[in-house]
Each structure stands twice: as structure tokens, then as C-alpha cells.
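Chemist: See protein-v2.pdb below, with PDB, C-alpha atoms.
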ATOM      1  CA  MET C 333      18.144  32.150  23.782
ATOM      2  CA  ASN C 334      19.971  30.137  26.429
ATOM      3  CA  PRO C 335      20.429  26.360  25.997
ATOM      4  CA  GLY C 336      17.887  25.501  28.699
ATOM      5  CA  ARG C 337      15.126  27.446  27.002
ATOM      6  CA  LYS C 338      16.039  25.937  23.648
ATOM      7  CA  ILE C 339      15.651  22.435  25.072
ATOM      8  CA  VAL C 340      12.297  23.288  26.645
ATOM      9  CA  ARG C 341      11.077  24.915  23.449
ATOM     10  CA  ALA C 342      12.206  21.977  21.303
ATOM     11  CA  THR C 343      10.553  19.526  23.695
ATOM     12  CA  ILE C 344       7.244  21.381  23.546
ATOM     13  CA  VAL C 345       7.340  21.599  19.746
ATOM     14  CA  ILE C 346       8.119  17.892  19.379
ATOM     15  CA  PHE C 347       5.405  16.954  21.870
ATOM     16  CA  LEU C 348       2.757  19.042  20.124
ATOM     17  CA  LEU C 349       3.676  17.857  16.630
ATOM     18  CA  THR C 350       3.892  14.237  17.749
ATOM     19  CA  PHE C 351       0.491  14.524  19.414
ATOM     20  CA  LEU C 352      -0.924  16.109  16.259
ATOM     21  CA  SER C 353       0.610  13.357  14.142
ATOM     22  CA  ARG C 354      -0.922  10.643  16.344
ATOM     23  CA  PHE C 355      -4.276  12.396  16.283
ATOM     24  CA  LEU C 356      -4.163  12.671  12.494
ATOM     25  CA  GLY C 357      -3.037   9.053  12.327
ATOM     26  CA  LEU C 358      -6.276   8.140  14.055
ATOM     27  CA  GLY C 359      -8.110  10.440  11.659
ATOM     28  CA  ARG C 360      -6.390   8.706   8.743
ATOM     29  CA  GLU C 361      -7.640   5.303   9.860
ATOM     30  CA  MET C 362     -11.124   6.706  10.443
ATOM     31  CA  ALA C 363     -11.173   8.290   6.979
ATOM     32  CA  ILE C 364     -10.069   5.049   5.328
ATOM     33  CA  ALA C 365     -12.589   3.037   7.337
ATOM     34  CA  TYR C 366     -15.360   5.514   6.524
ATOM     35  CA  ARG C 367     -14.743   5.468   2.785
ATOM     36  CA  PHE C 368     -13.619   1.905   2.198
ATOM     37  CA  GLY C 369     -14.525  -0.109   5.299
ATOM     38  CA  ALA C 370     -13.079  -3.557   5.896
ATOM     39  CA  THR C 371     -13.163  -4.911   2.357
ATOM     40  CA  GLY C 372     -10.974  -6.714  -0.115
ATOM     41  CA  GLU C 373     -10.053  -3.338  -1.623
ATOM     42  CA  THR C 374      -8.766  -2.113   1.701
ATOM     43  CA  ASP C 375      -6.876  -5.364   2.213
ATOM     44  CA  ALA C 376      -5.115  -4.804  -1.110
ATOM     45  CA  PHE C 377      -4.160  -1.262  -0.110
ATOM     46  CA  MET C 378      -2.931  -2.295   3.334
ATOM     47  CA  LEU C 379      -0.753  -4.995   1.808
ATOM     48  CA  ALA C 380       0.716  -2.520  -0.685
ATOM     49  CA  LEU C 381       1.339  -0.074   2.171
ATOM     50  CA  THR C 382       3.238  -2.737   4.116
ATOM     51  CA  ILE C 383       6.200  -2.525   1.745
ATOM     52  CA  PRO C 384       7.097   1.196   2.093
ATOM     53  CA  ASN C 385       6.383   0.960   5.817
ATOM     54  CA  ILE C 386       8.922  -1.829   6.167
ATOM     55  CA  PHE C 387      11.555   0.127   4.245
ATOM     56  CA  TYR C 388      11.041   3.210   6.386
ATOM     57  CA  ASN C 389      10.952   1.324   9.679
ATOM     58  CA  VAL C 390      14.036  -0.720   8.805
ATOM     59  CA  ILE C 391      16.305   1.236   6.457
ATOM     60  CA  GLY C 392      15.114   4.797   7.081
ATOM     61  CA  THR C 393      15.225   4.386  10.847
ATOM     62  CA  ALA C 394      18.613   2.662  10.768
ATOM     63  CA  LEU C 395      20.183   5.336   8.569
ATOM     64  CA  ALA C 396      18.811   8.101  10.778
ATOM     65  CA  ALA C 397      20.281   6.355  13.816
ATOM     66  CA  VAL C 398      23.815   6.003  12.424
ATOM     67  CA  ILE C 399      23.975   9.489  10.928
ATOM     68  CA  VAL C 400      23.757  11.219  14.316
ATOM     69  CA  PRO C 401      26.868   9.753  16.032
ATOM     70  CA  VAL C 402      29.017   9.918  12.889
ATOM     71  CA  PHE C 403      27.979  13.515  12.264
ATOM     72  CA  GLU C 404      28.740  14.447  15.875
ATOM     73  CA  ASP C 405      32.166  12.808  15.603
ATOM     74  CA  TYR C 406      33.080  14.758  12.474
ATOM     75  CA  GLU C 407      31.588  17.956  13.897
ATOM     76  CA  ILE C 408      33.790  17.749  16.985
ATOM     77  CA  GLN C 409      36.838  17.304  14.750
ATOM     78  CA  GLY C 410      35.873  20.333  12.657
ATOM     79  CA  ARG C 411      35.395  18.202   9.554
ATOM     80  CA  ARG C 412      31.892  19.297   8.587
ATOM     81  CA  PRO C 413      32.631  19.541   4.809
ATOM     82  CA  GLU C 414      33.666  15.886   4.837
ATOM     83  CA  ILE C 415      30.472  14.700   6.501
ATOM     84  CA  TRP C 416      28.395  16.725   4.039
ATOM     85  CA  ARG C 417      30.108  14.857   1.207
ATOM     86  CA  ALA C 418      29.454  11.527   2.903
ATOM     87  CA  LEU C 419      25.787  12.366   3.429
ATOM     88  CA  SER C 420      25.518  13.359  -0.222
ATOM     89  CA  VAL C 421      26.805   9.897  -1.100
ATOM     90  CA  ILE C 422      24.104   8.332   1.096
ATOM     91  CA  VAL C 423      21.377  10.457  -0.492
ATOM     92  CA  ASN C 424      22.594   9.695  -4.008
ATOM     93  CA  PHE C 425      22.919   5.997  -3.272
ATOM     94  CA  ILE C 426      19.306   5.900  -2.098
ATOM     95  CA  ILE C 427      18.143   7.721  -5.216
ATOM     96  CA  VAL C 428      20.156   5.614  -7.658
ATOM     97  CA  ALA C 429      20.204   2.166  -6.053
ATOM     98  CA  MET C 430      16.789   2.220  -4.438
ATOM     99  CA  GLY C 431      15.325   4.024  -7.436
ATOM    100  CA  THR C 432      16.516   1.170  -9.624
ATOM    101  CA  GLY C 433      15.119  -1.298  -7.120
ATOM    102  CA  VAL C 434      11.787   0.503  -7.185
ATOM    103  CA  LEU C 435      11.606   0.225 -10.969
ATOM    104  CA  LEU C 436      12.366  -3.477 -10.753
ATOM    105  CA  GLY C 437       9.893  -3.856  -7.904
ATOM    106  CA  ALA C 438       7.163  -2.108  -9.858
ATOM    107  CA  THR C 439       7.618  -4.472 -12.783
ATOM    108  CA  GLY C 440       7.843  -7.469 -10.468
ATOM    109  CA  SER C 441       5.133  -6.409  -8.041
ATOM    110  CA  SER C 442       3.179  -9.584  -8.754
ATOM    111  CA  PHE C 443       5.922 -11.668  -7.109
ATOM    112  CA  ILE C 444       5.952  -9.396  -4.059
ATOM    113  CA  VAL C 445       2.189  -9.503  -3.637
ATOM    114  CA  ARG C 446       1.988 -13.256  -4.081
ATOM    115  CA  ALA C 447       4.649 -13.657  -1.407
ATOM    116  CA  LEU C 448       2.894 -11.349   1.059
ATOM    117  CA  GLY C 449      -0.727 -12.207   0.294
ATOM    118  CA  PRO C 450      -0.866 -15.755  -1.055
ATOM    119  CA  GLY C 451      -4.468 -16.218   0.059
ATOM    120  CA  PHE C 452      -5.977 -13.328  -1.886
ATOM    121  CA  PRO C 453      -8.678 -14.119  -4.442
ATOM    122  CA  PRO C 454      -7.715 -13.231  -8.047
ATOM    123  CA  GLU C 455      -9.427  -9.816  -8.167
ATOM    124  CA  THR C 456      -7.915  -8.685  -4.857
ATOM    125  CA  MET C 457      -4.541 -10.062  -5.920
ATOM    126  CA  GLN C 458      -4.582  -8.019  -9.133
ATOM    127  CA  LEU C 459      -5.655  -4.876  -7.302
ATOM    128  CA  ALA C 460      -2.864  -5.338  -4.763
ATOM    129  CA  ILE C 461      -0.359  -5.780  -7.609
ATOM    130  CA  ASN C 462      -1.512  -2.530  -9.227
ATOM    131  CA  LEU C 463      -1.440  -0.608  -5.951
ATOM    132  CA  THR C 464       1.986  -1.971  -5.042
ATOM    133  CA  ALA C 465       3.432  -0.841  -8.369
ATOM    134  CA  LEU C 466       1.802   2.574  -7.978
ATOM    135  CA  MET C 467       3.134   3.075  -4.454
ATOM    136  CA  MET C 468       6.704   1.946  -5.144
ATOM    137  CA  PRO C 469       8.100   5.518  -5.461
ATOM    138  CA  SER C 470       7.123   6.158  -1.854
ATOM    139  CA  ILE C 471       9.888   3.745  -0.799
ATOM    140  CA  VAL C 472      12.609   6.094  -2.066
ATOM    141  CA  LEU C 473      10.831   9.196  -0.785
ATOM    142  CA  ILE C 474      10.175   7.917   2.705
ATOM    143  CA  THR C 475      13.712   6.532   3.046
ATOM    144  CA  LEU C 476      15.100   9.914   2.015
ATOM    145  CA  ALA C 477      12.837  11.482   4.628
ATOM    146  CA  GLY C 478      14.454   9.245   7.242
ATOM    147  CA  VAL C 479      17.939  10.328   6.158
ATOM    148  CA  PHE C 480      16.950  13.993   6.152
ATOM    149  CA  GLY C 481      15.544  13.515   9.637
ATOM    150  CA  GLY C 482      18.809  12.013  10.821
ATOM    151  CA  ILE C 483      20.760  14.984   9.453
ATOM    152  CA  LEU C 484      18.442  17.473  11.147
ATOM    153  CA  ASN C 485      18.485  15.579  14.441
ATOM    154  CA  ALA C 486      22.284  15.621  14.355
ATOM    155  CA  ASN C 487      22.039  19.405  14.056
ATOM    156  CA  HIS C 488      19.533  19.604  16.926
ATOM    157  CA  VAL C 489      16.673  20.612  14.628
ATOM    158  CA  PHE C 490      13.578  18.586  15.449
ATOM    159  CA  GLY C 491      10.490  20.506  14.341
ATOM    160  CA  PRO C 492      10.513  19.698  10.601
ATOM    161  CA  VAL C 493      11.225  16.032  11.360
ATOM    162  CA  ALA C 494       8.160  15.824  13.595
ATOM    163  CA  LEU C 495       6.106  17.808  11.077
ATOM    164  CA  GLY C 496       6.735  15.291   8.282
ATOM    165  CA  PRO C 497       4.312  12.602   9.539
ATOM    166  CA  VAL C 498       1.685  15.305  10.065
ATOM    167  CA  ALA C 499       1.897  16.272   6.395
ATOM    168  CA  MET C 500       1.829  12.641   5.302
ATOM    169  CA  ASN C 501      -1.258  11.831   7.352
ATOM    170  CA  LEU C 502      -3.027  14.922   6.038
ATOM    171  CA  ALA C 503      -2.278  13.922   2.446
ATOM    172  CA  ILE C 504      -3.764  10.467   2.988
ATOM    173  CA  ILE C 505      -6.844  11.858   4.755
ATOM    174  CA  VAL C 506      -7.506  14.313   1.930
ATOM    175  CA  SER C 507      -7.003  11.610  -0.697
ATOM    176  CA  ALA C 508      -9.454   9.325   1.105
ATOM    177  CA  LEU C 509     -12.168  11.930   1.560
ATOM    178  CA  VAL C 510     -11.825  14.104  -1.538
ATOM    179  CA  GLY C 511     -10.738  11.797  -4.340
ATOM    180  CA  PHE C 512     -12.844   8.819  -3.317
ATOM    181  CA  TYR C 513     -15.558   9.396  -5.905
ATOM    182  CA  HIS C 514     -13.141   9.752  -8.817
ATOM    183  CA  TRP C 515     -10.448   7.107  -8.423
ATOM    184  CA  GLY C 516     -11.510   5.046  -5.438
ATOM    185  CA  ILE C 517      -8.770   3.115  -3.695
ATOM    186  CA  TYR C 518      -6.226   4.235  -6.295
ATOM    187  CA  ASN C 519      -6.541   7.778  -5.011
ATOM    188  CA  LEU C 520      -5.524   6.505  -1.591
ATOM    189  CA  ALA C 521      -2.349   5.084  -3.129
ATOM    190  CA  LEU C 522      -1.630   8.402  -4.846
ATOM    191  CA  GLY C 523      -2.232  10.175  -1.545
ATOM    192  CA  THR C 524       0.328   7.918   0.109
ATOM    193  CA  VAL C 525       2.968   8.747  -2.500
ATOM    194  CA  THR C 526       2.125  12.444  -2.194
ATOM    195  CA  GLY C 527       2.403  12.192   1.581
ATOM    196  CA  ALA C 528       5.818  10.537   1.330
ATOM    197  CA  LEU C 529       6.933  13.315  -1.023
ATOM    198  CA  LEU C 530       5.748  15.959   1.441
ATOM    199  CA  PHE C 531       7.486  14.105   4.276
ATOM    200  CA  ALA C 532      10.794  14.527   2.447
ATOM    201  CA  LEU C 533      10.258  17.992   0.952
ATOM    202  CA  ILE C 534       9.122  19.606   4.186
ATOM    203  CA  GLN C 535      12.580  19.008   5.662
ATOM    204  CA  ILE C 536      14.609  20.514   2.807
ATOM    205  CA  PRO C 537      14.389  24.189   3.901
ATOM    206  CA  ALA C 538      15.713  23.187   7.333
ATOM    207  CA  LEU C 539      18.526  21.208   5.683
ATOM    208  CA  ARG C 540      19.586  24.366   3.881
ATOM    209  CA  GLN C 541      19.478  26.326   7.111
ATOM    210  CA  VAL C 542      21.859  23.925   8.856
ATOM    211  CA  GLY C 543      24.266  24.220   5.931
ATOM    212  CA  PHE C 544      23.814  20.890   4.150
ATOM    213  CA  LYS C 545      25.984  21.016   1.041
ATOM    214  CA  TYR C 546      24.635  18.586  -1.516
ATOM    215  CA  ALA C 547      26.960  17.190  -4.169
ATOM    216  CA  PHE C 548      26.453  14.471  -6.735
ATOM    217  CA  LEU C 549      28.924  11.940  -5.355
ATOM    218  CA  LEU C 550      28.795   8.142  -5.268
ATOM    219  CA  ASN C 551      32.065   7.335  -3.529
ATOM    220  CA  VAL C 552      31.051   4.478  -1.239
ATOM    221  CA  GLN C 553      34.688   4.202  -0.129
ATOM    222  CA  ASP C 554      34.369   7.516   1.695
ATOM    223  CA  PRO C 555      35.566   6.949   5.308
ATOM    224  CA  ALA C 556      32.418   8.412   6.865
ATOM    225  CA  VAL C 557      30.203   6.326   4.586
ATOM    226  CA  ARG C 558      32.128   3.189   5.486
ATOM    227  CA  GLN C 559      31.834   4.059   9.166
ATOM    228  CA  MET C 560      28.054   4.385   8.853
ATOM    229  CA  LEU C 561      27.790   1.143   6.900
ATOM    230  CA  LYS C 562      29.743  -0.691   9.607
ATOM    231  CA  MET C 563      27.409   0.632  12.285
ATOM    232  CA  ILE C 564      24.162  -0.002  10.442
ATOM    233  CA  GLY C 565      24.254  -3.813  10.367
ATOM    234  CA  PRO C 566      23.100  -4.552  13.934
ATOM    235  CA  ILE C 567      20.427  -1.855  13.728
ATOM    236  CA  LEU C 568      19.049  -3.345  10.510
ATOM    237  CA  ILE C 569      18.827  -6.733  12.181
ATOM    238  CA  VAL C 570      16.949  -5.391  15.204
ATOM    239  CA  THR C 571      14.524  -3.231  13.228
ATOM    240  CA  GLY C 572      14.074  -5.973  10.645
ATOM    241  CA  VAL C 573      13.082  -8.545  13.250
ATOM    242  CA  PHE C 574      10.242  -6.325  14.441
ATOM    243  CA  GLN C 575       8.896  -6.059  10.891
ATOM    244  CA  ILE C 576       8.659  -9.826  10.526
ATOM    245  CA  TYR C 577       5.521  -9.725  12.640
ATOM    246  CA  SER C 578       3.732  -7.400  10.228
ATOM    247  CA  VAL C 579       4.628  -9.674   7.308
ATOM    248  CA  ILE C 580       3.336 -12.719   9.172
ATOM    249  CA  ASP C 581       0.111 -10.903  10.061
ATOM    250  CA  VAL C 582      -0.527  -9.953   6.440
ATOM    251  CA  ARG C 583       0.263 -13.418   5.103
ATOM    252  CA  PHE C 584      -2.053 -15.182   7.526
ATOM    253  CA  ALA C 585      -4.843 -12.608   7.235
ATOM    254  CA  SER C 586      -4.798 -12.879   3.431
ATOM    255  CA  ASN C 587      -6.136 -16.418   3.829
ATOM    256  CA  LEU C 588      -9.114 -15.233   5.866
ATOM    257  CA  GLU C 589     -12.289 -13.517   4.717
ATOM    258  CA  ALA C 590     -12.151 -10.185   2.899
ATOM    259  CA  GLY C 591     -11.410  -7.264   5.194
ATOM    260  CA  SER C 592      -9.265  -9.223   7.646
ATOM    261  CA  ILE C 593      -6.055  -7.271   6.931
ATOM    262  CA  ALA C 594      -7.970  -4.007   7.185
ATOM    263  CA  ALA C 595      -9.492  -5.127  10.480
ATOM    264  CA  LEU C 596      -6.011  -5.769  11.874
ATOM    265  CA  ASN C 597      -5.015  -2.223  10.984
ATOM    266  CA  TYR C 598      -8.141  -0.598  12.407
TER     267      TYR C 598
END
Please express the file's structure as C-alpha cells.
Modeler:
Amino acid sequence: MNPGRKIVRATIVIFLLTFLSRFLGLGREMAIAYRFGATGETDAFMLALTIPNIFYNVIGTALAAVIVPVFEDYEIQGRRPEIWRALSVIVNFIIVAMGTGVLLGATGSSFIVRALGPGFPPETMQLAINLTALMMPSIVLITLAGVFGGILNANHVFGPVALGPVAMNLAIIVSALVGFYHWGIYNLALGTVTGALLFALIQIPALRQVGFKYAFLLNVQDPAVRQMLKMIGPILIVTGVFQIYSVIDVRFASNLEAGSIAALNY
């Protein structure tokens, strides 16, 4: 297939999957609204969901952005094995460092929730604490998904990256509609973690196809790793600034009547 046709084909695939993801995103909100409405329970879930969303939008997006130019640079120089090692370091660092942070965050979720939702009544506060602890693993999973997406984009593979949000939205929709009667809002949290897992896993076969060579390395002094870390600072600042608004929204809405945070999301 000639390059022109490849570009057209990739564009069509991305467009269709993005459209499907947006459509299912609407379906996700409708499913949550249908089952849980605008209530204190939904407020607690939306607050807990804010945390993994921030990590993905800030760290996951920033890592994906810096991987592409560094990968291209090493690819041009014929140093692909070196960039695979560097990317393995990034993946391992996320698993080890962020995994440790997730464990600490799960045990200290009460501090996080009180900082984000200081106006919650006691029962909503406790529910938000429980949901936050339950959804903490999704932070690692969704950040890994962002890194995997960056690797695939650098290799001009876009379909699995666009398919990830589709799988995540489907998982949340199913959890809202099917498990509602058994575990209530907790099933929605489990669906979110499952969706984040699918988001990451769905990209792994494509990673193998592009030749990603995983190795258990933690050498943060690797030149490619250092190059990415130097580039990531400004991107983190820009993406982080945009997330401040969501934090402010949640904090203020937590002081209003029950369902206010949910209403903002709907």
C-alpha cells in the first residue's frame, strides 16, 4: 500500500474510532445519569474519578508527547534498541514509582478527598474516600496507556490508541447498567478500573508488532530518558494549568447541594 493510501486509511480509522468513543462517552454519561442521577453518591464517584483523569491528562499526555520526537530522533540515527531500553525504563518507573504512590494514596485517600471536596457531608465524604481508594490502580493503568499510545504514535500506528477510550467507555457503561443492582456505585468504580486496564491491554499486541522490546531496567540516567525528562517540564506545566479548573469546580461544587458535581459533569 502506498503512503498516500496509508494516510487516508489511518485518518478514516481514527475518525471513526474517535467518533465512536465520543458517542460512547455520551452513552456513559447517560448510563450513569440513568442509574444514579444527580445525587451525593454520584458526586462522590465524580470526585474520585477526578484524580485518575488529572494524572492521565497531565502525566500520560505529557509522556506521550515527548516520546514521539525522541523516538523519531533515535530512529533516524538507527538506534532503535537504545530507545526501546529507555522506554522500558519509563514503563518500569511508572509501575514502581507510581505504583508505590498509588498504595500510599489509597491509604491516605481521606486527605485527598478532604482537599478536593471539603464541603461534602460525612456520609458522602466517606463514600468518596472508599471510591478513591478503590480507583487508585487506574492511575497507573491509564498512565501506562498514555505511554503505550505515545510509542504506537511514534511508529505511525493509531488504531489501537483510538480504540482504547472506546473499550474504557464500554466497560463503564456495562458496569453502570449490569452491576447496578449488586454493588451500586462501587460497581461503577470497578468498571472504571477495568476500563483503564482494557485501555492499556488493548495496545499491547500492537506494541509487539512494532517491535517493542521490554526489559526490566530502571536506569534513569539513560540519555534518552534524560532527554525526555528535560522536554516534559513545560508540557506538564501547560497541561497541569488546564486541570486546575476541574479541581476548582469540584471544590466549589462540593459546598453546594447534593448532585452539584454530577450536574457539572452531565
Chemist: Of the candidates C:Val525, C:Leu459, C:Leu349, C:Met560, which one gets nearest to Val445 (chain C) if we count all atoms listed in the file?
Modeler: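 Result for the nearest residue to Val445 (chain C): C:Leu459.
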Chemist: List, as an MDAnalysis selection string, every residue that the PyMOL selection byres ((chain C and resi 372) around 10) selects in the file provided.
Modeler: chainID C and resid 368:371 373:378 452:453 455:457 459:460 586 589:594
Chemist: Pick from C:Ala538, C:Val557, C:Ala465, C:Val434: nearest to Ala521 (chain C), with only C-alpha atoms counted?
Modeler: C:Ala465
Chemist: Just so the selection is clear, what residues does the PyMOL selection byres ((chain C and resi 400) around 12) cover here, as a PyMOL selection string?
Modeler: chain C and resi 393-399+401-407+415+419+478-489+556+559-560+563-564
Chemist: Have a look at C:Asn501, C:Thr382, C:Thr475, C:Thr571 and name the one nearest to Leu463 (chain C); count only C-alpha atoms.
Modeler: C:Thr382
Chemist: Please measure the separation of CA of Ile364 (chain C) and CA of Ala494 (chain C), giving the value in Å to one decimal.
Modeler: 22.7 Å
Chemist: So what does the PyMOL selection byres ((chain C and resi 579) around 10) actually pick up in this one, as a ChimeraX atom specification?
Modeler: /C:379,382-383,386,447-449,574-578,580-585
Chemist: Can you report as AutoDock Vina command-line options the centre and edge lengths in Å, to one decimal, of an axis-aligned box around the listed atoms of region 514-519 of chain C padded with 8 Å on each side?
Modeler:
--center_x -9.7 --center_y 6.4 --center_z -6.3 --size_x 22.9 --size_y 22.6 --size_z 21.1
Chemist: What is the CA of Leu561 (chain C) to CA of Tyr388 (chain C) distance in Å?
Modeler: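 Result for CA of Leu561 (chain C) versus CA of Tyr388 (chain C): 16.9 Å, one decimal.
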Chemist: Pick the closest to Ala503 (chain C) from C:Ile408, C:Ile536, C:Ala363, C:Ala547: which is it, counting only C-alpha atoms?
Modeler: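 Using only C-alpha atoms, Ala503 (chain C) sits closest to C:Ala363.
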Chemist: Mind pulling up the distance from CA of Leu568 (chain C) to CA of Arg354 (chain C)?
Modeler: 25.1 Å
Chemist: Please determine, counting all atoms listed in the file, which residue among C:Gly431, C:Phe425, C:Pro492, C:Asn462 has the shortest atom-to-atom distance to Phe443 (chain C).
Modeler: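 Checking each of C:Gly431, C:Phe425, C:Pro492, C:Asn462 against Phe443 (chain C), counting all atoms listed in the file, the winner is C:Asn462.
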Chemist: Using all atoms listed in the file for the distances, tell me which of C:Leu502, C:Ile444, C:Ala380, C:Leu549 is nearest to Met467 (chain C).
Modeler: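 Looking only at the distances to Met467 (chain C), the closest residue turns out to be C:Ala380.
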Chemist: Find the residues around Glu361 (chain C) up to 9 Å (only C-alpha atoms counted), leave out those fewer than 6 positions away in its own chain, and share them as an NGL selection string.
Modeler: :C and (505 or 597-598)
Chemist: Got a sec: who's within 7 Å of Ala532 (chain C), counting only C-alpha atoms, leaving out chain neighbours fewer than 6 positions off, as an NGL selection string?
Modeler: :C and (473-474 or 476-477)
Chemist: Could you list, as a list in words, every residue within 6 Å of Phe531 (chain C), counting only C-alpha atoms and ignoring same-chain residues fewer than 2 positions away?
Modeler: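 Non-adjacent residues within range: Ala477, Gly496, Met500, Ala528, Leu529, Leu533 and Ile534 of chain C.
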Chemist: For the residues selected in the previous step, produce a file with C-alpha atoms as a PDB file, keeping the file's coordinate frame.
Modeler:
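Below is the file that was written, result.pdb:
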ATOM      1  CA  ALA C 477      12.837  11.482   4.628  1.00  0.00           C
ATOM      2  CA  GLY C 496       6.735  15.291   8.282  1.00  0.00           C
ATOM      3  CA  MET C 500       1.829  12.641   5.302  1.00  0.00           C
ATOM      4  CA  ALA C 528       5.818  10.537   1.330  1.00  0.00           C
ATOM      5  CA  LEU C 529       6.933  13.315  -1.023  1.00  0.00           C
ATOM      6  CA  LEU C 533      10.258  17.992   0.952  1.00  0.00           C
ATOM      7  CA  ILE C 534       9.122  19.606   4.186  1.00  0.00           C
TER       8      ILE C 534
END
Chemist: Using N, CA, C and O atoms, give me region 341-360 of chain C from the structure I just pasted, as a PDB file, in the first residue's frame.
Modeler:
ATOM      1  N   ARG C 341      -6.240   5.868   4.966  1.00  0.00           N
ATOM      2  CA  ARG C 341      -6.824   4.775   5.748  1.00  0.00           C
ATOM      3  C   ARG C 341      -6.712   5.050   7.242  1.00  0.00           C
ATOM      4  O   ARG C 341      -7.679   4.857   7.991  1.00  0.00           O
ATOM      5  N   ALA C 342      -5.530   5.510   7.673  1.00  0.00           N
ATOM      6  CA  ALA C 342      -5.330   5.810   9.096  1.00  0.00           C
ATOM      7  C   ALA C 342      -6.257   6.933   9.549  1.00  0.00           C
ATOM      8  O   ALA C 342      -6.822   6.883  10.650  1.00  0.00           O
ATOM      9  N   THR C 343      -6.428   7.933   8.697  1.00  0.00           N
ATOM     10  CA  THR C 343      -7.303   9.060   9.032  1.00  0.00           C
ATOM     11  C   THR C 343      -8.741   8.600   9.214  1.00  0.00           C
ATOM     12  O   THR C 343      -9.428   9.013  10.163  1.00  0.00           O
ATOM     13  N   ILE C 344      -9.198   7.744   8.319  1.00  0.00           N
ATOM     14  CA  ILE C 344     -10.573   7.237   8.407  1.00  0.00           C
ATOM     15  C   ILE C 344     -10.766   6.413   9.678  1.00  0.00           C
ATOM     16  O   ILE C 344     -11.770   6.557  10.392  1.00  0.00           O
ATOM     17  N   VAL C 345      -9.792   5.545   9.964  1.00  0.00           N
ATOM     18  CA  VAL C 345      -9.885   4.699  11.160  1.00  0.00           C
ATOM     19  C   VAL C 345      -9.929   5.552  12.425  1.00  0.00           C
ATOM     20  O   VAL C 345     -10.762   5.336  13.318  1.00  0.00           O
ATOM     21  N   ILE C 346      -9.043   6.539  12.500  1.00  0.00           N
ATOM     22  CA  ILE C 346      -9.005   7.411  13.680  1.00  0.00           C
ATOM     23  C   ILE C 346     -10.309   8.184  13.815  1.00  0.00           C
ATOM     24  O   ILE C 346     -10.864   8.313  14.913  1.00  0.00           O
ATOM     25  N   PHE C 347     -10.807   8.697  12.695  1.00  0.00           N
ATOM     26  CA  PHE C 347     -12.063   9.456  12.724  1.00  0.00           C
ATOM     27  C   PHE C 347     -13.210   8.594  13.233  1.00  0.00           C
ATOM     28  O   PHE C 347     -13.978   9.013  14.115  1.00  0.00           O
ATOM     29  N   LEU C 348     -13.324   7.385  12.699  1.00  0.00           N
ATOM     30  CA  LEU C 348     -14.434   6.512  13.084  1.00  0.00           C
ATOM     31  C   LEU C 348     -14.337   6.099  14.552  1.00  0.00           C
ATOM     32  O   LEU C 348     -15.344   6.112  15.280  1.00  0.00           O
ATOM     33  N   LEU C 349     -13.132   5.749  14.991  1.00  0.00           N
ATOM     34  CA  LEU C 349     -12.961   5.326  16.383  1.00  0.00           C
ATOM     35  C   LEU C 349     -13.141   6.496  17.347  1.00  0.00           C
ATOM     36  O   LEU C 349     -13.693   6.325  18.437  1.00  0.00           O
ATOM     37  N   THR C 350     -12.684   7.671  16.941  1.00  0.00           N
ATOM     38  CA  THR C 350     -12.872   8.851  17.787  1.00  0.00           C
ATOM     39  C   THR C 350     -14.356   9.193  17.893  1.00  0.00           C
ATOM     40  O   THR C 350     -14.860   9.509  18.979  1.00  0.00           O
ATOM     41  N   PHE C 351     -15.050   9.122  16.768  1.00  0.00           N
ATOM     42  CA  PHE C 351     -16.496   9.369  16.777  1.00  0.00           C
ATOM     43  C   PHE C 351     -17.206   8.356  17.671  1.00  0.00           C
ATOM     44  O   PHE C 351     -18.081   8.718  18.476  1.00  0.00           O
ATOM     45  N   LEU C 352     -16.812   7.085  17.544  1.00  0.00           N
ATOM     46  CA  LEU C 352     -17.420   6.043  18.371  1.00  0.00           C
ATOM     47  C   LEU C 352     -17.130   6.284  19.849  1.00  0.00           C
ATOM     48  O   LEU C 352     -18.011   6.111  20.706  1.00  0.00           O
ATOM     49  N   SER C 353     -15.902   6.704  20.145  1.00  0.00           N
ATOM     50  CA  SER C 353     -15.534   6.986  21.527  1.00  0.00           C
ATOM     51  C   SER C 353     -16.365   8.129  22.097  1.00  0.00           C
ATOM     52  O   SER C 353     -16.846   8.059  23.238  1.00  0.00           O
ATOM     53  N   ARG C 354     -16.548   9.191  21.304  1.00  0.00           N
ATOM     54  CA  ARG C 354     -17.354  10.332  21.760  1.00  0.00           C
ATOM     55  C   ARG C 354     -18.809   9.919  21.956  1.00  0.00           C
ATOM     56  O   ARG C 354     -19.464  10.333  22.919  1.00  0.00           O
ATOM     57  N   PHE C 355     -19.303   9.112  21.037  1.00  0.00           N
ATOM     58  CA  PHE C 355     -20.682   8.638  21.136  1.00  0.00           C
ATOM     59  C   PHE C 355     -20.866   7.786  22.396  1.00  0.00           C
ATOM     60  O   PHE C 355     -21.849   7.949  23.136  1.00  0.00           O
ATOM     61  N   LEU C 356     -19.903   6.899  22.644  1.00  0.00           N
ATOM     62  CA  LEU C 356     -19.978   6.066  23.843  1.00  0.00           C
ATOM     63  C   LEU C 356     -19.738   6.888  25.107  1.00  0.00           C
ATOM     64  O   LEU C 356     -20.244   6.545  26.181  1.00  0.00           O
ATOM     65  N   GLY C 357     -18.962   7.965  24.974  1.00  0.00           N
ATOM     66  CA  GLY C 357     -18.789   8.865  26.109  1.00  0.00           C
ATOM     67  C   GLY C 357     -20.114   9.486  26.515  1.00  0.00           C
ATOM     68  O   GLY C 357     -20.428   9.612  27.706  1.00  0.00           O
ATOM     69  N   LEU C 358     -20.900   9.866  25.514  1.00  0.00           N
ATOM     70  CA  LEU C 358     -22.246  10.367  25.788  1.00  0.00           C
ATOM     71  C   LEU C 358     -23.102   9.269  26.403  1.00  0.00           C
ATOM     72  O   LEU C 358     -23.837   9.503  27.378  1.00  0.00           O
ATOM     73  N   GLY C 359     -22.975   8.055  25.849  1.00  0.00           N
ATOM     74  CA  GLY C 359     -23.713   6.923  26.406  1.00  0.00           C
ATOM     75  C   GLY C 359     -23.309   6.625  27.838  1.00  0.00           C
ATOM     76  O   GLY C 359     -24.149   6.260  28.671  1.00  0.00           O
ATOM     77  N   ARG C 360     -22.027   6.800  28.133  1.00  0.00           N
ATOM     78  CA  ARG C 360     -21.533   6.595  29.505  1.00  0.00           C
ATOM     79  C   ARG C 360     -22.209   7.557  30.473  1.00  0.00           C
ATOM     80  O   ARG C 360     -22.691   7.153  31.539  1.00  0.00           O
TER      81      ARG C 360
END
